[in-house]
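Structure record follows, encoded as structure tokens.
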Amino acid sequence: MTDIETLPLIIKFLEIINILLSSTEYEPLANLGYNHSYKEKDTERMNMVYKYLMMNFSNPISLEDIASIANLTPPAFCSFFRKRTQKSFTGFLNELRIGHACKLIQNQKLSIPEVCYESGYQNFTNFNKSFKKITGKTPSNYRKEYLHEQTY
């Protein structure tokens, strides 16, 4: 499908959707009686948290700061966040920052220490440790592998 022009691509996509809609071969993801337990207020709260994190992840964010965005105490926020993401707040924030760092590392204009600070880390050792834990590679190895892939 990558070789198809725009209009034929849209037509092909709609044909696929039509096939999926008319198919009788499917398996439901949840039973008909399934009803998620999250309230609309919780959804709004998570949206505010995500929006704040996306706009501020490169700045220091304390647990107290993010808990106040959600209008919760820090312990209540930790529980609330883990129930909805299956991750700790710190783990989620680190993944967000390292994801951004991966994009920055691909740009050769920034040094690894500059990427560290641009990604919201205040400590280079912490950055290296988190980067390796999440990606399985050091930042410099990640850059080397990325550059190697780009040459082929």
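Within each chain, counting starts at residue 1; across the structure tokens, chains are named A, B, ... in the order shown, with ligands numbered 1 upward in that order.
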
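Excluding segment 106-112 of chain A and any residue on its chain fewer than 4 positions from it, the residues at most 10 Å away by only C-alpha atoms are Ala101, Cys102, Cys116, Tyr117, Glu118, Phe124, Phe127, Asn128, Pro139, Ser140, Tyr142, Arg143, Lys144, Glu145, Tyr146, Leu147 and Gln150 of chain A.
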
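Distance-wise, atom CA of Gly120 of chain A and atom CA of Arg97 of chain A end up 6.5 Å apart.
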
**Q.** Residue contacts of Leu63 of chain A (12 Å, only C-alpha atoms) excluding same-chain residues fewer than 3 positions away, as a ChimeraX atom specification
**A.** /A:49,53,60,66-78,81,88-90,93

Q.
Using DSSP secondary structure from the backbone, list all helix (DSSP H, G or I) positions within segment 52-124 of chain A, as JSON, numbers by chain.
A. {"A": [52, 53, 54, 55, 56, 63, 64, 65, 66, 67, 68, 69, 74, 75, 76, 77, 78, 79, 80, 81, 82, 83, 84, 85, 89, 90, 91, 92, 93, 94, 95, 96, 97, 98, 99, 100, 101, 102, 103, 104, 105, 106, 112, 113, 114, 115, 116, 117, 118, 124]}

Please dump the current selection as a PDB file, in the first residue's frame; keep C-alpha atoms.
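The resulting file, out-v3.pdb, is reproduced below:
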```
ATOM      1  CA  TYR A  52       0.462  18.740  31.961  1.00  0.00           C
ATOM      2  CA  LEU A  53       3.088  16.014  31.528  1.00  0.00           C
ATOM      3  CA  MET A  54       3.272  16.468  27.758  1.00  0.00           C
ATOM      4  CA  MET A  55       3.778  20.212  28.140  1.00  0.00           C
ATOM      5  CA  ASN A  56       6.198  20.054  31.085  1.00  0.00           C
ATOM      6  CA  LEU A  63       5.001  14.321  42.915  1.00  0.00           C
ATOM      7  CA  GLU A  64       3.349  17.162  44.828  1.00  0.00           C
ATOM      8  CA  ASP A  65       3.074  19.254  41.631  1.00  0.00           C
ATOM      9  CA  ILE A  66       1.411  16.538  39.578  1.00  0.00           C
ATOM     10  CA  ALA A  67      -0.826  15.443  42.457  1.00  0.00           C
ATOM     11  CA  SER A  68      -2.096  19.009  42.785  1.00  0.00           C
ATOM     12  CA  ILE A  69      -2.911  19.065  39.038  1.00  0.00           C
ATOM     13  CA  PRO A  74       0.472  12.453  46.607  1.00  0.00           C
ATOM     14  CA  PRO A  75      -0.395   8.965  47.975  1.00  0.00           C
ATOM     15  CA  ALA A  76      -3.892   9.100  46.433  1.00  0.00           C
ATOM     16  CA  PHE A  77      -2.413  10.269  43.129  1.00  0.00           C
ATOM     17  CA  CYS A  78       0.092   7.395  43.054  1.00  0.00           C
ATOM     18  CA  SER A  79      -2.692   4.883  43.546  1.00  0.00           C
ATOM     19  CA  PHE A  80      -4.965   6.620  41.028  1.00  0.00           C
ATOM     20  CA  PHE A  81      -2.195   6.808  38.400  1.00  0.00           C
ATOM     21  CA  ARG A  82      -1.050   3.206  38.812  1.00  0.00           C
ATOM     22  CA  LYS A  83      -4.619   1.871  38.513  1.00  0.00           C
ATOM     23  CA  ARG A  84      -5.103   3.645  35.207  1.00  0.00           C
ATOM     24  CA  THR A  85      -1.677   3.166  33.604  1.00  0.00           C
ATOM     25  CA  PHE A  89       4.241   7.951  37.971  1.00  0.00           C
ATOM     26  CA  THR A  90       8.040   8.048  38.023  1.00  0.00           C
ATOM     27  CA  GLY A  91       8.280   5.105  35.626  1.00  0.00           C
ATOM     28  CA  PHE A  92       5.819   6.734  33.233  1.00  0.00           C
ATOM     29  CA  LEU A  93       7.638  10.082  33.376  1.00  0.00           C
ATOM     30  CA  ASN A  94      10.974   8.356  32.717  1.00  0.00           C
ATOM     31  CA  GLU A  95       9.524   6.533  29.693  1.00  0.00           C
ATOM     32  CA  LEU A  96       8.151   9.818  28.361  1.00  0.00           C
ATOM     33  CA  ARG A  97      11.496  11.559  28.819  1.00  0.00           C
ATOM     34  CA  ILE A  98      13.525   8.708  27.324  1.00  0.00           C
ATOM     35  CA  GLY A  99      11.165   8.532  24.333  1.00  0.00           C
ATOM     36  CA  HIS A 100      11.864  12.202  23.728  1.00  0.00           C
ATOM     37  CA  ALA A 101      15.586  11.624  24.262  1.00  0.00           C
ATOM     38  CA  CYS A 102      15.557   8.905  21.587  1.00  0.00           C
ATOM     39  CA  LYS A 103      14.185  11.425  19.085  1.00  0.00           C
ATOM     40  CA  LEU A 104      16.785  14.004  20.109  1.00  0.00           C
ATOM     41  CA  ILE A 105      19.658  11.512  19.923  1.00  0.00           C
ATOM     42  CA  GLN A 106      18.780  10.816  16.297  1.00  0.00           C
ATOM     43  CA  ILE A 112      24.387  13.332  24.645  1.00  0.00           C
ATOM     44  CA  PRO A 113      24.661  15.624  27.726  1.00  0.00           C
ATOM     45  CA  GLU A 114      22.556  18.244  25.906  1.00  0.00           C
ATOM     46  CA  VAL A 115      19.957  15.548  25.129  1.00  0.00           C
ATOM     47  CA  CYS A 116      19.971  14.626  28.821  1.00  0.00           C
ATOM     48  CA  TYR A 117      19.068  18.123  29.973  1.00  0.00           C
ATOM     49  CA  GLU A 118      16.652  18.784  27.074  1.00  0.00           C
ATOM     50  CA  PHE A 124      23.621  12.749  33.644  1.00  0.00           C
TER      51      PHE A 124
END
```
